[in-house]
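J.: The following file, run03.cif, comprises mmCIF, C-alpha atoms:
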data_final
loop_
_atom_site.label_atom_id
_atom_site.label_comp_id
_atom_site.auth_asym_id
_atom_site.auth_seq_id
_atom_site.Cartn_x
_atom_site.Cartn_y
_atom_site.Cartn_z
CA MET A 20 0.00 0.00 0.00
CA GLU A 21 2.92 2.33 0.67
CA GLN A 22 4.55 1.90 -2.75
CA ARG A 23 3.39 3.37 -6.02
CA ASN A 24 1.73 0.96 -8.39
CA ARG A 25 3.72 1.24 -11.60
CA GLU A 26 1.00 -0.27 -13.75
CA VAL A 27 -1.48 2.34 -12.51
CA ASP A 28 1.05 5.07 -13.32
CA PHE A 29 1.31 3.76 -16.89
CA LEU A 30 -2.47 3.43 -17.22
CA ARG A 31 -2.88 7.04 -16.13
CA PHE A 32 -0.88 8.06 -19.16
CA VAL A 33 -2.90 5.78 -21.45
CA PHE A 34 -6.23 7.18 -20.25
CA ALA A 35 -4.94 10.78 -20.34
CA VAL A 36 -4.02 10.28 -24.02
CA ILE A 37 -7.49 8.81 -24.67
CA ILE A 38 -9.09 11.90 -23.12
CA MET A 39 -6.90 14.12 -25.33
CA LEU A 40 -8.00 12.13 -28.42
CA HIS A 41 -11.63 12.30 -27.27
CA HIS A 42 -11.42 16.09 -27.36
CA SER A 43 -10.61 15.89 -31.07
CA ARG A 44 -14.39 16.27 -31.34
CA TYR A 45 -13.77 20.03 -31.14
CA VAL A 46 -11.30 19.78 -34.03
CA LEU A 47 -13.00 17.24 -36.32
CA GLY A 48 -16.62 17.20 -35.14
CA ASP A 49 -18.36 14.29 -33.44
CA GLU A 50 -18.73 12.33 -36.66
CA ASN A 51 -14.95 12.13 -37.17
CA CYS A 52 -13.88 12.19 -33.53
CA LEU A 53 -11.27 9.74 -32.32
CA PHE A 54 -12.55 8.02 -29.17
CA LEU A 55 -15.97 9.67 -29.12
CA GLY A 56 -16.66 7.69 -25.95
CA GLY A 57 -13.28 8.58 -24.47
CA SER A 58 -14.71 10.76 -21.71
CA LEU A 59 -15.39 7.50 -19.85
CA ALA A 60 -11.64 7.40 -19.14
CA VAL A 61 -12.28 9.84 -16.29
CA GLU A 62 -13.95 6.96 -14.44
CA PHE A 63 -10.57 5.26 -14.12
CA PHE A 64 -9.14 8.34 -12.39
CA PHE A 65 -12.09 8.60 -9.99
CA ILE A 66 -11.92 4.93 -8.99
CA VAL A 67 -8.15 5.12 -8.46
CA SER A 68 -8.58 8.33 -6.44
CA GLY A 69 -11.13 6.60 -4.20
CA TYR A 70 -8.72 3.71 -3.68
CA LEU A 71 -5.87 6.06 -2.75
CA MET A 72 -8.14 8.05 -0.42
CA MET A 73 -8.89 4.84 1.46
CA ALA A 74 -5.17 4.12 1.69
CA SER A 75 -4.63 7.60 3.17
CA ILE A 76 -7.38 6.98 5.73
CA LEU A 77 -5.70 3.78 6.91
CA ARG A 78 -2.33 5.51 7.18
CA ALA A 79 -3.97 8.23 9.30
CA GLU A 80 -5.52 5.49 11.44
CA ARG A 81 -2.14 3.92 12.11
CA ARG A 82 -0.60 7.27 13.06
CA GLN A 83 -3.43 8.06 15.48
CA SER A 84 -3.95 4.75 17.25
CA THR A 85 -6.31 6.26 19.85
CA GLY A 86 -8.87 7.06 17.16
CA VAL A 87 -10.07 10.28 15.58
CA THR A 88 -12.10 12.75 17.65
CA ARG A 89 -14.63 15.34 16.56
CA ALA A 90 -12.15 18.01 17.51
CA THR A 91 -9.47 16.70 15.13
CA LEU A 92 -11.58 15.27 12.30
CA GLY A 93 -12.03 18.57 10.50
CA THR A 94 -8.34 19.40 10.77
CA GLU A 95 -7.33 15.99 9.47
CA THR A 96 -9.74 16.27 6.52
CA TYR A 97 -8.45 19.75 5.75
CA HIS A 98 -4.84 18.55 5.68
CA PHE A 99 -5.75 15.57 3.51
CA LEU A 100 -7.39 17.86 0.94
CA LEU A 101 -4.45 20.26 1.16
CA ARG A 102 -2.03 17.45 0.32
CA LYS A 103 -4.18 16.49 -2.66
CA ILE A 104 -4.18 20.08 -3.92
CA ARG A 105 -0.44 20.50 -3.46
CA ALA A 106 0.15 17.35 -5.51
CA PHE A 107 -1.31 18.90 -8.68
CA LEU A 108 -1.25 22.65 -7.97
CA PRO A 109 1.90 23.58 -9.97
CA GLU A 110 0.70 21.79 -13.13
CA TYR A 111 -2.81 23.13 -12.67
CA LEU A 112 -1.85 26.79 -12.29
CA ILE A 113 0.83 26.76 -14.98
CA ALA A 114 -1.45 25.04 -17.50
CA TRP A 115 -4.30 27.43 -16.66
CA PHE A 116 -2.23 30.59 -17.19
CA ILE A 117 -0.69 29.25 -20.40
CA GLY A 118 -4.18 28.48 -21.65
CA PHE A 119 -5.53 31.88 -20.64
CA PHE A 120 -2.86 33.86 -22.46
CA LEU A 121 -3.02 31.60 -25.51
CA ILE A 122 -6.78 32.03 -25.76
CA GLU A 123 -6.49 35.78 -25.35
CA GLY A 124 -3.68 35.86 -27.90
CA PHE A 125 -5.78 34.06 -30.53
CA GLY A 126 -8.09 37.07 -30.77
CA PHE A 127 -5.53 39.83 -30.15
CA PRO A 128 -7.88 41.78 -27.83
CA GLY A 129 -6.98 44.97 -26.03
CA LEU A 130 -5.74 45.14 -22.46
CA ARG A 131 -9.20 46.05 -21.15
CA HIS A 132 -10.67 42.91 -22.73
CA VAL A 133 -7.89 40.74 -21.29
CA LEU A 134 -8.47 42.12 -17.79
CA HIS A 135 -12.22 41.61 -18.16
CA ASP A 136 -11.75 37.97 -19.19
CA PHE A 137 -9.28 37.38 -16.38
CA GLY A 138 -11.83 38.58 -13.84
CA LYS A 139 -14.51 36.48 -15.53
CA TYR A 140 -12.52 33.23 -15.52
CA PHE A 141 -10.43 33.75 -12.39
CA PHE A 142 -12.82 31.93 -10.06
CA GLU A 143 -12.12 28.70 -11.94
CA LEU A 144 -8.89 28.67 -9.93
CA SER A 145 -10.90 28.41 -6.70
CA LEU A 146 -11.52 24.69 -7.38
CA ILE A 147 -15.16 25.01 -6.27
CA LYS A 148 -16.64 25.40 -9.74
CA MET A 149 -18.65 22.18 -9.40
CA SER A 150 -20.52 23.62 -6.42
CA GLY A 151 -22.53 25.61 -8.97
CA ILE A 152 -21.51 28.99 -7.58
CA PHE A 153 -19.34 29.87 -10.58
CA THR A 154 -19.76 28.92 -14.21
CA GLY A 155 -17.59 29.25 -17.28
CA GLY A 156 -13.82 29.02 -17.36
CA ILE A 157 -11.12 28.35 -19.91
CA ASP A 158 -10.66 24.60 -19.43
CA GLY A 159 -13.53 22.17 -19.14
CA CYS A 160 -11.18 19.44 -17.87
CA MET A 161 -10.92 21.25 -14.56
CA TRP A 162 -14.38 19.99 -13.52
CA TYR A 163 -12.76 16.70 -12.51
CA LEU A 164 -10.60 18.30 -9.83
CA SER A 165 -13.44 20.35 -8.39
CA ALA A 166 -15.87 17.44 -8.22
CA MET A 167 -13.23 15.13 -6.73
CA LEU A 168 -12.23 17.55 -3.96
CA LEU A 169 -15.81 18.49 -3.05
CA CYS A 170 -16.85 14.85 -2.80
CA MET A 171 -13.72 13.86 -0.86
CA ALA A 172 -14.49 16.66 1.61
CA VAL A 173 -17.70 14.75 2.40
CA LEU A 174 -16.46 11.16 2.07
CA TYR A 175 -13.16 11.40 3.94
CA PRO A 176 -14.57 12.41 7.36
CA LEU A 177 -17.53 10.03 6.99
CA ILE A 178 -15.27 7.05 6.33
CA ARG A 179 -12.76 8.15 8.95
CA ARG A 180 -15.48 8.38 11.58
CA HIS A 181 -17.67 5.45 10.52
CA LYS A 182 -15.25 3.25 8.61
CA ASN A 183 -16.87 -0.13 9.22
CA PHE A 184 -20.32 1.04 8.13
CA MET A 185 -19.11 3.11 5.15
CA VAL A 186 -16.82 0.42 3.76
CA HIS A 187 -19.33 -2.44 3.99
CA ILE A 188 -22.67 -0.66 3.52
CA GLY A 189 -22.48 3.10 2.92
CA ALA A 190 -19.98 3.28 0.04
CA PRO A 191 -21.36 0.40 -2.09
CA LEU A 192 -24.97 1.54 -1.63
CA THR A 193 -24.07 5.16 -2.45
CA ALA A 194 -22.34 4.04 -5.64
CA MET A 195 -25.26 1.87 -6.75
CA PHE A 196 -28.00 4.40 -5.96
CA LEU A 197 -26.20 7.35 -7.61
CA LEU A 198 -25.21 5.41 -10.72
CA GLY A 199 -28.74 3.99 -10.91
CA TYR A 200 -30.21 7.49 -10.68
CA LEU A 201 -27.92 8.76 -13.45
CA CYS A 202 -28.71 5.74 -15.62
CA ARG A 203 -32.50 5.98 -15.31
CA THR A 204 -32.70 9.79 -15.45
CA PHE A 205 -30.05 10.71 -18.04
CA GLY A 206 -29.14 7.46 -19.81
CA HIS A 207 -25.39 7.90 -19.25
CA PRO A 208 -23.06 9.57 -16.74
CA ARG A 209 -21.34 11.94 -19.20
CA ASP A 210 -21.95 15.72 -19.58
CA PRO A 211 -20.64 16.55 -16.09
CA VAL A 212 -21.85 20.17 -16.04
CA GLU A 213 -25.49 19.26 -16.75
CA TRP A 214 -27.53 20.52 -13.80
CA THR A 215 -29.72 17.95 -12.01
CA GLY A 216 -31.67 20.50 -9.97
CA LEU A 217 -29.49 20.20 -6.88
CA VAL A 218 -25.94 19.44 -8.06
CA TYR A 219 -24.12 18.81 -11.33
CA LYS A 220 -24.11 15.34 -12.86
CA GLY A 221 -20.34 15.36 -12.48
CA ASP A 222 -20.67 15.60 -8.69
CA LEU A 223 -22.88 12.51 -8.55
CA ARG A 224 -20.53 10.72 -10.92
CA ALA A 225 -17.53 11.62 -8.75
CA MET A 226 -19.20 10.58 -5.49
CA ALA A 227 -20.33 7.22 -6.89
CA GLU A 228 -16.97 6.32 -8.40
CA LEU A 229 -14.92 7.44 -5.41
CA CYS A 230 -17.11 5.03 -3.44
CA LEU A 231 -16.31 2.31 -5.98
CA GLY A 232 -12.63 3.02 -5.33
CA VAL A 233 -13.16 2.59 -1.58
CA VAL A 234 -14.77 -0.80 -2.18
CA ALA A 235 -11.98 -1.70 -4.59
CA PHE A 236 -9.39 -1.05 -1.89
CA TYR A 237 -10.69 -3.81 0.36
CA ALA A 238 -11.37 -6.20 -2.51
CA ALA A 239 -7.77 -5.77 -3.70
CA ALA A 240 -6.47 -6.31 -0.16
CA ARG A 241 -8.40 -9.59 0.10
CA LEU A 242 -7.13 -10.76 -3.27
CA ARG A 243 -3.57 -9.78 -2.35
CA MET A 244 -3.66 -12.11 0.66
CA LEU A 245 -4.52 -15.19 -1.40
CA ARG A 246 -1.73 -17.60 -2.25
CA LEU A 247 -2.48 -18.30 -5.88
CA THR A 248 -1.17 -21.00 -8.16
CA LYS A 249 0.69 -20.15 -11.33
CA PRO A 250 -2.39 -20.88 -13.52
CA SER A 251 -4.41 -18.49 -11.31
CA HIS A 252 -1.83 -15.74 -11.79
CA ILE A 253 -1.99 -16.24 -15.55
CA LEU A 254 -5.80 -16.18 -15.58
CA ILE A 255 -5.91 -12.99 -13.50
CA ARG A 256 -3.36 -11.29 -15.74
CA LEU A 257 -5.35 -12.26 -18.83
CA ALA A 258 -8.58 -11.06 -17.19
CA GLY A 259 -7.07 -7.68 -16.29
CA THR A 260 -5.60 -7.16 -19.75
CA GLY A 261 -8.84 -8.25 -21.37
CA ILE A 262 -10.96 -5.88 -19.28
CA TYR A 263 -8.80 -2.82 -20.00
CA THR A 264 -8.77 -3.75 -23.69
CA ALA A 265 -12.55 -4.16 -23.77
CA VAL A 266 -13.12 -0.83 -22.03
CA ILE A 267 -10.75 1.01 -24.37
CA PHE A 268 -12.36 -0.63 -27.41
CA TYR A 269 -15.79 0.41 -26.13
CA MET A 270 -14.62 4.01 -25.72
CA TYR A 271 -13.22 3.94 -29.25
CA LYS A 272 -16.28 2.48 -30.95
CA GLU A 273 -19.42 3.44 -29.03
CA ASP A 274 -21.32 6.60 -28.17
CA PRO A 275 -22.39 7.25 -24.54
CA SER A 276 -25.28 4.99 -23.50
CA THR A 277 -26.61 2.94 -20.60
CA ALA A 278 -23.84 0.45 -21.43
CA ASP A 279 -21.45 2.92 -19.77
CA TYR A 280 -22.44 1.56 -16.37
CA PHE A 281 -21.45 -1.98 -17.27
CA TYR A 282 -18.01 -0.76 -18.31
CA ILE A 283 -17.65 1.37 -15.17
CA PHE A 284 -18.01 -1.78 -13.07
CA LEU A 285 -15.60 -3.59 -15.38
CA LEU A 286 -13.10 -0.79 -14.73
CA GLN A 287 -13.57 -1.27 -11.00
CA ILE A 288 -12.75 -4.98 -11.38
CA ALA A 289 -9.66 -4.15 -13.44
CA VAL A 290 -8.47 -1.65 -10.82
CA ILE A 291 -8.92 -4.33 -8.13
CA LEU A 292 -6.80 -6.76 -10.13
CA THR A 293 -4.14 -4.12 -10.77
CA PHE A 294 -3.78 -3.00 -7.16
CA SER A 295 -3.81 -6.59 -5.92
CA GLY A 296 -0.38 -7.05 -7.48
CA GLN A 297 -1.72 -10.11 -9.29
CA GLY A 298 -3.41 -8.30 -12.16
CA SER A 299 -2.65 -7.70 -15.80
CA GLY A 300 0.72 -6.01 -15.39
CA SER A 301 2.34 -7.97 -12.56
CA GLY A 302 6.07 -8.24 -13.23
CA LEU A 303 6.04 -6.12 -16.37
CA PHE A 304 7.30 -2.92 -14.70
CA ASP A 305 9.87 -4.33 -12.26
CA LYS A 306 12.99 -3.35 -14.18
CA PRO A 307 14.65 -0.01 -13.23
CA ALA A 308 14.17 1.43 -16.72
CA ALA A 309 10.47 0.54 -16.65
CA ALA A 310 10.14 2.12 -13.19
CA LYS A 311 11.58 5.40 -14.47
CA MET A 312 9.31 5.28 -17.51
CA THR A 313 6.15 4.75 -15.45
CA GLN A 314 7.17 7.49 -13.01
CA PHE A 315 7.48 9.89 -15.93
CA CYS A 316 4.15 8.67 -17.35
CA ALA A 317 2.37 9.45 -14.07
CA LYS A 318 3.76 12.98 -13.90
CA TYR A 319 3.25 13.65 -17.60
CA SER A 320 -0.33 12.40 -17.58
CA THR A 321 -1.27 15.10 -15.06
CA ALA A 322 0.36 17.83 -17.12
CA LEU A 323 -1.19 16.55 -20.36
CA TYR A 324 -4.67 16.33 -18.86
CA PHE A 325 -4.54 19.98 -17.79
CA SER A 326 -2.92 21.42 -20.91
CA HIS A 327 -4.64 20.17 -24.05
CA LEU A 328 -8.33 21.15 -24.13
CA TYR A 329 -7.88 24.83 -24.92
CA PHE A 330 -5.96 23.85 -28.06
CA ALA A 331 -8.81 21.55 -29.14
CA GLN A 332 -11.41 24.28 -28.60
CA HIS A 333 -9.54 27.04 -30.44
CA ILE A 334 -7.33 25.46 -33.08
CA ASN A 335 -10.02 25.79 -35.75
CA ASN A 336 -9.89 29.56 -35.23
CA VAL A 337 -6.22 29.51 -36.19
CA LEU A 338 -6.52 26.80 -38.87
CA PRO A 339 -10.01 27.25 -40.40
CA PRO A 340 -11.52 23.96 -41.65
CA GLU A 341 -12.32 25.53 -45.04
CA HIS A 342 -8.60 26.10 -45.66
CA TYR A 343 -6.88 23.25 -43.80
CA SER A 344 -7.55 19.52 -43.84
CA GLY A 345 -8.74 17.62 -40.81
CA ARG A 346 -5.56 15.53 -40.84
CA LEU A 347 -3.38 18.62 -40.63
CA ARG A 348 -5.47 20.21 -37.88
CA MET A 349 -5.44 16.97 -35.92
CA THR A 350 -1.68 16.58 -36.31
CA VAL A 351 -1.10 20.14 -35.09
CA TYR A 352 -3.52 19.65 -32.18
CA VAL A 353 -1.83 16.46 -30.95
CA ALA A 354 1.66 17.88 -31.43
CA VAL A 355 1.07 21.16 -29.59
CA SER A 356 -0.83 19.37 -26.80
CA LEU A 357 2.00 16.90 -26.22
CA LEU A 358 4.62 19.65 -26.33
CA ASN A 359 2.61 21.88 -24.01
CA GLY A 360 2.32 18.98 -21.59
CA LEU A 361 6.11 18.70 -21.55
CA LEU A 362 6.42 22.46 -21.00
CA VAL A 363 3.97 22.37 -18.10
CA LEU A 364 5.81 19.40 -16.61
CA LEU A 365 9.17 21.19 -16.88
CA LEU A 366 7.88 24.43 -15.35
CA ALA A 367 6.13 22.52 -12.56
CA GLY A 368 9.41 20.78 -11.77
CA CYS A 369 11.13 24.16 -11.47
CA TRP A 370 8.31 25.37 -9.23
CA ARG A 371 8.74 22.42 -6.88
CA LYS A 372 12.51 22.84 -6.84
CA HIS A 373 12.62 26.58 -6.16
CA GLY A 374 9.14 27.37 -4.86
CA LYS A 375 9.97 27.05 -1.17
CA LYS A 376 12.78 29.60 -1.45
CA LEU A 377 10.52 32.06 -3.27
CA THR A 378 7.72 31.52 -0.75
CA ALA A 379 10.10 32.10 2.15
CA ALA A 380 11.44 35.30 0.56
CA LEU A 381 7.91 36.59 -0.05
CA ARG A 382 6.94 35.77 3.54
CA ARG A 383 9.94 37.74 4.87
CA PHE A 384 8.97 40.65 2.64
CA LEU A 385 5.30 40.74 3.65
CA ILE A 386 5.27 39.54 7.26
CA ALA A 387 7.22 41.26 10.03
CA GLN A 388 9.49 38.92 11.95
CA ALA A 389 9.06 38.67 15.73
#
Before we go any further, please render this structure as structure tokens.

T.:
Amino acid sequence: MEQRNREVDFLRFVFAVIIMLHHSRYVLGDENCLFLGGSLAVEFFFIVSGYLMMASILRAERRQSTGVTRATLGTETYHFLLRKIRAFLPEYLIAWFIGFFLIEGFGFPGLRHVLHDFGKYFFELSLIKMSGIFTGGIDGCMWYLSAMLLCMAVLYPLIRRHKNFMVHIGAPLTAMFLLGYLCRTFGHPRDPVEWTGLVYKGDLRAMAELCLGVVAFYAAARLRMLRLTKPSHILIRLAGTGIYTAVIFYMYKEDPSTADYFYIFLLQIAVILTFSGQGSGSGLFDKPAAAKMTQFCAKYSTALYFSHLYFAQHINNVLPPEHYSGRLRMTVYVAVSLLNGLLVLLLAGCWRKHGKKLTAALRRFLIAQA
């Protein structure tokens, strides 16, 4: 539980690329989109996030053997969320500001227009967009972060305080009821910023799939404890590979439908197999070179996820379809997205390396020392 799962790190990159290709719908139109169903890749990230949240809860439990109290529960939840935000904050902010200035540069507006747009979109940086208080923004991908954090702010203290009930009853029932509601009411879980009357669809989607991740944590732990025969290992590896392949093929071929829910549960099974250490990739990433590659994939997937959508949404303004072929526009879109992801990753690395010194200098400048 304490070590990174290298297969998950590699799969993050795979699903981040699928999401990038899914957003080719803005470049080519839905009829020519690559991976029209690729938005379902977000489900993998939610389930994995729920799994990792449960791992964090157990680590907190071990550190505080006397049990959590009402007085400390809020503080612990706050620090958990703060650690989550710090993990992606450099990539998030850098990608957002690059996107903002690129979008403004496409139209060559005046300074007054730039300042107006900055004030209009600034609240996207608050990470509470999925509460419904603010709308708009420059990057639709950011909904994932907002929904995840808001739902974790509810789930983390509930599980921490009532772990036995939430793990065995609360989390699985919440997942089933919310997914069932989305299925019967909307037909599929996509379109995260569609308003349900109380919250966005994306919030319900996030809550349900984080709960699936919590359930997956304990299922993987049980599977990890089994002493399997060699044929069992082979069967589990084939099952994991087959499930991921089937889900990816579904995202490539099919439009959103009620079948999404079947593939969401398949993804949960695949995540269980992967985290059990006996899944589809066991032994494939053990070599040092593979470990470095998967570590890069995990970091790059975050940067790529944050830094591609604004190119998809605006590249046709720079390369009008009536003058440039779809193949050329798609090639440019993929190339600039991949390169921008590398730029964001590089700048985020510099931030993490030198940010503490800059923060300390700013603190000394602004706050009087005792």

J.: Just so the selection is clear, what residues does the PyMOL selection byres ((chain A and resi 265-274) around 7) cover here, as an NGL selection string?

T.: :A and (53-57 or 59 or 261-264 or 275-276 or 282)

J.: Those same residues - C-alpha atoms - I'd like them written as a CSV table (one decimal), in the coordinates of the input.

T.:
chain,number,residue,atom,x,y,z
A,53,LEU,CA,-11.3,9.7,-32.3
A,54,PHE,CA,-12.6,8.0,-29.2
A,55,LEU,CA,-16.0,9.7,-29.1
A,56,GLY,CA,-16.7,7.7,-26.0
A,57,GLY,CA,-13.3,8.6,-24.5
A,59,LEU,CA,-15.4,7.5,-19.8
A,261,GLY,CA,-8.8,-8.2,-21.4
A,262,ILE,CA,-11.0,-5.9,-19.3
A,263,TYR,CA,-8.8,-2.8,-20.0
A,264,THR,CA,-8.8,-3.8,-23.7
A,275,PRO,CA,-22.4,7.2,-24.5
A,276,SER,CA,-25.3,5.0,-23.5
A,282,TYR,CA,-18.0,-0.8,-18.3

J.: Give me the residues near stretch 153-161 of chain A as a list in words, where near means some atom within 7 Å (using only C-alpha atoms) and where sequence neighbours in that chain fewer than 3 positions away do not count.

T.: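 Listing them by chain and then by number gives Phe119, Tyr140, Phe142, Glu143, Lys148, Leu164, Ser165, Phe325, Leu328 and Tyr329 of chain A.
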
J.: Calculated over all atoms listed in the file, which of the candidates A:Met185, A:Ser251, A:Tyr163, A:Ala367 has the smallest distance to A:Lys220?

T.: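 Under the stated criterion, the closest residue is A:Tyr163.
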
J.: Near A:Ile283, counting only C-alpha atoms, which residues have an atom at most 10 Å away, once you skip same-chain residues fewer than 2 positions from it, shown as number ranges by chain?

T.: A: 59-60, 62-63, 66, 198, 208, 228, 231, 266, 278-281, 285-289

J.: Env of A:Phe205: 10 Å cut, atoms = all atoms listed in the file, seq-sep filter 3 positions within chain, self excluded. Answer as JSON, numbers by chain.

T.: {"A": [199, 200, 201, 202, 208, 209, 210, 213, 215, 220, 276, 277]}

J.: Which neighbours of A:Val36 fall inside 8 Å, counting all atoms listed in the file, when residues of the same chain fewer than 6 positions from it are skipped, and could you give them as a PyMOL selection string?

T.: chain A and resi 320+323-324

J.: For atom CA of A:Asp136 and atom CA of A:Met149, determine how far apart the two atoms are, in Å to one decimal place.

T.: 19.8 Å

J.: Could you check which residues have any atom within 10 Å of (7.9, 22.4, -10.2), counting all atoms listed in the file with coordinates taken straight from the file, and then list them as number ranges by chain?

T.: A: 107-110, 113, 363-374

J.: Between atom CA of A:Lys139 and atom CA of A:Gly151, what is the distance, to one decimal in Å?

T.: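 So the two atoms, atom CA of A:Lys139 and atom CA of A:Gly151, lie 15.0 Å apart.
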
J.: Tell me which residues the PyMOL selection byres ((chain A and resi 191-195) around 10) grabs here, as a list in words.

T.: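 Taken over the shown coordinates, the PyMOL selection byres ((chain A and resi 191-195) around 10) returns Met185, Val186, His187, Ile188, Gly189, Ala190, Phe196, Leu197, Leu198, Gly199, Tyr200, Leu201, Leu223, Arg224, Ala225, Met226, Ala227, Glu228, Leu229, Cys230, Leu231, Gly232, Val233, Val234 and Ala235 of chain A.
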
J.: If I take atom CA of A:Tyr343 and atom CA of A:Ser326, how far is one from the other in Å, to one decimal?

T.: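 Between atom CA of A:Tyr343 and atom CA of A:Ser326 the gap works out to 23.3 Å.
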
J.: Counting all atoms listed in the file, which residue out of A:Tyr45, A:Phe141, A:Trp214, A:Phe34 sits closest to A:Gly345?

T.: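 Counting all atoms listed in the file, the residue closest to A:Gly345 is A:Tyr45.
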
J.: Taking the file as shown, what set of residues would the PyMOL selection byres ((chain A and resi 256) around 10) give back, as a count of residues only?

T.: 21

J.: Using all atoms listed in the file, can you tell me which of A:Ala238, A:Ile147, A:Cys170, A:Leu121 comes closest to A:Val355?

T.: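 Closest candidate: A:Leu121.
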
J.: Counting only C-alpha atoms, note down every residue that has an atom within 12 Å of the point (-10.5, 33.1, -29.6) (file coordinates), as a PyMOL selection string.

T.: chain A and resi 118-128+132-133+136+157+329-338

J.: Of the candidates A:Ser68, A:Gly138, A:Phe236, A:Arg179, which shows the shortest atom-to-atom distance to A:Ala166, using all atoms listed in the file?

T.: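 Ranking A:Ser68, A:Gly138, A:Phe236, A:Arg179 by distance to A:Ala166, first place goes to A:Ser68.
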
J.: What's the 9 Å shell around A:Gln314, counting all atoms listed in the file, without same-chain residues fewer than 2 positions away, as a list in words?

T.: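 Contacts, with the query itself left out: Arg23, Arg25, Asp28, Phe29, Ala309, Ala310, Lys311, Met312, Cys316, Ala317, Lys318 and Tyr319 of chain A.
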